[in-house]
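So this one's my_file_32.pdb, PDB, C-alpha atoms:
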MODEL        1
ATOM      1  CA  MET A   1      44.661  35.755 -23.505
ATOM      2  CA  ALA A   2      45.248  32.842 -25.797
ATOM      3  CA  GLN A   3      43.012  29.833 -25.250
ATOM      4  CA  ASP A   4      45.717  27.392 -26.296
ATOM      5  CA  GLY A   5      48.350  28.897 -24.014
ATOM      6  CA  ILE A   6      51.312  31.111 -24.672
ATOM      7  CA  HIS A   7      54.257  29.431 -26.342
ATOM      8  CA  ALA A   8      57.695  30.115 -24.938
ATOM      9  CA  GLY A   9      59.395  29.881 -28.343
ATOM     10  CA  PHE A  10      59.077  32.263 -31.270
ATOM     11  CA  PRO A  11      56.026  34.548 -31.285
ATOM     12  CA  SER A  12      53.106  33.454 -33.379
ATOM     13  CA  PRO A  13      51.409  35.789 -35.872
ATOM     14  CA  ALA A  14      48.165  34.773 -34.145
ATOM     15  CA  THR A  15      49.134  36.823 -31.075
ATOM     16  CA  ASP A  16      47.457  39.802 -32.721
ATOM     17  CA  TYR A  17      44.154  37.998 -32.205
ATOM     18  CA  MET A  18      44.431  37.170 -28.484
ATOM     19  CA  THR A  19      41.210  38.516 -27.005
ATOM     20  CA  GLN A  20      39.864  36.028 -24.472
ATOM     21  CA  ALA A  21      40.561  37.083 -20.885
ATOM     22  CA  ILE A  22      41.451  34.675 -18.099
ATOM     23  CA  ASP A  23      39.383  35.070 -14.947
ATOM     24  CA  LEU A  24      41.739  34.034 -12.126
ATOM     25  CA  ASN A  25      38.858  33.482  -9.699
ATOM     26  CA  LYS A  26      37.278  31.078 -12.180
ATOM     27  CA  GLU A  27      40.602  29.316 -12.831
ATOM     28  CA  LEU A  28      41.916  29.076  -9.265
ATOM     29  CA  VAL A  29      38.865  28.939  -6.980
ATOM     30  CA  LYS A  30      36.670  25.828  -6.747
ATOM     31  CA  HIS A  31      34.856  26.811  -3.539
ATOM     32  CA  PRO A  32      34.355  30.605  -3.583
ATOM     33  CA  ALA A  33      32.697  30.838  -0.165
ATOM     34  CA  ALA A  34      35.549  28.862   1.438
ATOM     35  CA  THR A  35      38.571  30.211  -0.440
ATOM     36  CA  PHE A  36      40.899  32.848   0.919
ATOM     37  CA  TYR A  37      44.138  34.500  -0.133
ATOM     38  CA  GLY A  38      47.102  35.023   2.144
ATOM     39  CA  ARG A  39      50.565  36.538   1.738
ATOM     40  CA  VAL A  40      53.604  34.530   2.856
ATOM     41  CA  VAL A  41      55.806  36.002   5.580
ATOM     42  CA  GLY A  42      59.059  34.217   6.373
ATOM     43  CA  ASP A  43      61.159  31.517   4.762
ATOM     44  CA  SER A  44      60.162  28.231   6.413
ATOM     45  CA  MET A  45      58.876  26.840   3.078
ATOM     46  CA  ILE A  46      61.577  28.230   0.798
ATOM     47  CA  ASP A  47      62.841  24.788  -0.293
ATOM     48  CA  ALA A  48      59.322  24.081  -1.592
ATOM     49  CA  GLY A  49      59.567  27.170  -3.797
ATOM     50  CA  VAL A  50      57.435  29.318  -1.487
ATOM     51  CA  ASP A  51      59.035  32.722  -0.974
ATOM     52  CA  GLU A  52      58.220  35.669   1.243
ATOM     53  CA  GLY A  53      55.610  37.828  -0.480
ATOM     54  CA  ASP A  54      54.046  34.974  -2.485
ATOM     55  CA  ILE A  55      50.256  34.848  -2.424
ATOM     56  CA  LEU A  56      48.591  31.611  -1.331
ATOM     57  CA  VAL A  57      45.193  30.439  -2.528
ATOM     58  CA  ILE A  58      43.781  28.572   0.487
ATOM     59  CA  ASP A  59      40.701  26.339   0.264
ATOM     60  CA  LYS A  60      39.020  25.691   3.621
ATOM     61  CA  ALA A  61      36.451  23.323   2.064
ATOM     62  CA  LEU A  62      39.034  20.631   1.272
ATOM     63  CA  ASP A  63      39.768  17.796   3.664
ATOM     64  CA  ALA A  64      43.483  17.946   4.403
ATOM     65  CA  LYS A  65      45.452  14.799   3.740
ATOM     66  CA  ASP A  66      48.973  13.600   4.395
ATOM     67  CA  GLY A  67      51.480  15.572   2.335
ATOM     68  CA  ASP A  68      49.267  18.595   1.706
ATOM     69  CA  MET A  69      50.703  22.072   2.087
ATOM     70  CA  ALA A  70      48.422  23.575   4.678
ATOM     71  CA  VAL A  71      47.803  26.721   6.652
ATOM     72  CA  CYS A  72      47.377  25.769  10.294
ATOM     73  CA  PHE A  73      46.586  27.721  13.431
ATOM     74  CA  VAL A  74      48.895  26.678  16.281
ATOM     75  CA  ASP A  75      48.852  28.286  19.716
ATOM     76  CA  GLY A  76      47.659  31.672  18.496
ATOM     77  CA  GLU A  77      49.628  31.907  15.234
ATOM     78  CA  PHE A  78      49.103  30.890  11.615
ATOM     79  CA  THR A  79      51.814  28.780  10.013
ATOM     80  CA  LEU A  80      52.362  27.287   6.563
ATOM     81  CA  LYS A  81      53.772  23.760   6.578
ATOM     82  CA  TYR A  82      53.476  20.327   5.003
ATOM     83  CA  LEU A  83      50.967  18.175   6.861
ATOM     84  CA  CYS A  84      52.275  14.793   7.980
ATOM     85  CA  LEU A  85      49.701  12.378   9.396
ATOM     86  CA  LYS A  86      51.507   9.370  10.831
ATOM     87  CA  ASP A  87      50.336   6.750  13.328
ATOM     88  CA  GLY A  88      47.617   9.041  14.682
ATOM     89  CA  ARG A  89      50.093  11.911  15.095
ATOM     90  CA  ILE A  90      50.025  15.292  13.382
ATOM     91  CA  ILE A  91      53.389  16.743  12.437
ATOM     92  CA  LEU A  92      53.851  20.034  10.620
ATOM     93  CA  LYS A  93      56.973  19.932   8.466
ATOM     94  CA  PRO A  94      58.784  22.995   7.168
ATOM     95  CA  ALA A  95      60.656  23.022   3.851
ATOM     96  CA  ASN A  96      63.742  24.699   5.282
ATOM     97  CA  GLU A  97      66.226  22.822   7.447
ATOM     98  CA  LYS A  98      66.683  25.901   9.666
ATOM     99  CA  TYR A  99      63.259  25.246  11.201
ATOM    100  CA  PRO A 100      62.119  22.332  13.381
ATOM    101  CA  GLU A 101      59.073  20.179  12.800
ATOM    102  CA  ILE A 102      56.087  20.959  14.971
ATOM    103  CA  GLU A 103      54.388  17.938  16.505
ATOM    104  CA  ILE A 104      50.873  18.697  17.637
ATOM    105  CA  MET A 105      50.524  17.523  21.205
ATOM    106  CA  GLU A 106      47.520  17.217  23.486
ATOM    107  CA  GLY A 107      46.658  20.577  25.002
ATOM    108  CA  MET A 108      47.959  22.628  22.086
ATOM    109  CA  ASP A 109      45.525  25.031  20.449
ATOM    110  CA  PHE A 110      45.503  23.564  16.912
ATOM    111  CA  LYS A 111      43.214  23.993  13.937
ATOM    112  CA  MET A 112      43.806  22.865  10.380
ATOM    113  CA  TRP A 113      42.700  26.071   8.672
ATOM    114  CA  GLY A 114      42.933  25.284   4.963
ATOM    115  CA  VAL A 115      44.762  23.536   2.135
ATOM    116  CA  VAL A 116      46.969  25.531  -0.226
ATOM    117  CA  THR A 117      45.810  24.926  -3.786
ATOM    118  CA  TYR A 118      47.903  27.513  -5.674
ATOM    119  CA  ILE A 119      50.851  29.796  -5.084
ATOM    120  CA  ILE A 120      51.011  33.092  -6.979
ATOM    121  CA  LYS A 121      54.534  34.455  -7.393
ATOM    122  CA  LYS A 122      55.969  37.730  -8.554
ATOM    123  CA  VAL A 123      58.755  37.317 -11.090
TER     124      VAL A 123
ENDMDL
END

Rewrite the structure of this file - the entire thing - as C-alpha cells.
Amino acid sequence: MAQDGIHAGFPSPATDYMTQAIDLNKELVKHPAATFYGRVVGDSMIDAGVDEGDILVIDKALDAKDGDMAVCFVDGEFTLKYLCLKDGRIILKPANEKYPEIEIMEGMDFKMWGVVTYIIKKV
C-alpha cells in the first residue's frame, strides 16, 4: 500500500508503484499479549457508529478511564459500553437511547475487561 496514504480524489500515476504492505497487527496492536478481537452483537452502541458485525480491537493492558469505550463483564455477560466514572460510581452508558445505563452496584459480578482501541467495519 502507499506509504503516504491513498488520496480520495483523482488517481495518481504513482499508484502503479504501490508495493509496501500494511501489517494490521503492527498498526493496531500495541500490546500483543494483551490484545484481543471481538465481534459486535447487538445495537446498544449504534449511535457511536458501532454496528452489529463490526470487529473490536480490545486492549486489556490499558487502564480504563472515564469516557473510554470498554468491554466489561457484568453478571455473567460481556457488554460494550462507554465507561463513566463519577463520584466513586461506575456507570456503563450505551450509545442508543433504547437501552438503559447500567450502574455497577455492590454485589454485582463486574470486571473491566478491556479498552476498545479500534473498530474495524465492513463497508

Please provide the set of residues having any atom within 7 Å of stretch 109-122 of chain A, restricted to all atoms listed in the file, with same-chain residues fewer than 6 positions apart removed, written as an MDAnalysis selection string.
chainID A and resid 54:60 62 64 68:75

On this structure, the PyMOL selection byres ((chain A and resi 103) around 9) would catch which residues? List them as number ranges by chain, sorted by chain and number.
A: 89-93, 101-102, 104-105

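With atom CA of A:Asp43 on one side and atom CA of A:Lys65 on the other, the separation reads 23.0 Å.
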
For A:Ser44, which of A:Leu80, A:Asp87, A:Asp63, A:Met108 is the closest residue, counting only C-alpha atoms?
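For A:Ser44, the nearest of the candidates is A:Leu80.
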
Output of the PyMOL selection byres ((chain A and resi 47) around 9), listed as a ChimeraX atom specification
/A:43-46,48-51,94-97

If I take atom CA of A:Ala34 and atom CA of A:Ala61, how far is one from the other in Å, to one decimal?
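A separation of 5.6 Å between them.
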
Rounded to one decimal place, report the atom CA of A:Thr79-atom CA of A:Arg39 distance in Å.
11.4 Å

Counting only C-alpha atoms, the residue of A:Gly42, A:Asp66, A:Leu85, A:Phe78 that sits nearest A:Tyr99:
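Distance minimum relative to A:Tyr99 lands on A:Gly42.
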
Which residue gives the smallest distance to A:Lys81 among A:Val40, A:Ile22, A:Gly107, A:Gly53, with all atoms listed in the file counted?
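Among A:Val40, A:Ile22, A:Gly107, A:Gly53, it is A:Val40 that comes nearest to A:Lys81.
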
Which one is closest to A:Lys86: A:Val29, A:Lys98, A:Val41, A:Gly67? Count all atoms listed in the file.
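Of the candidates, the smallest distance to A:Lys86 is held by A:Gly67.
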
Build an axis-aligned box that encloses every atom of stretch 36-53 of chain A listed in the file, pad it by 8 Å on each side, and report its centre and edge lengths in Å to one decimal, as AutoDock Vina command-line options.
--center_x 51.9 --center_y 31.0 --center_z 1.3 --size_x 37.9 --size_y 29.7 --size_z 26.2
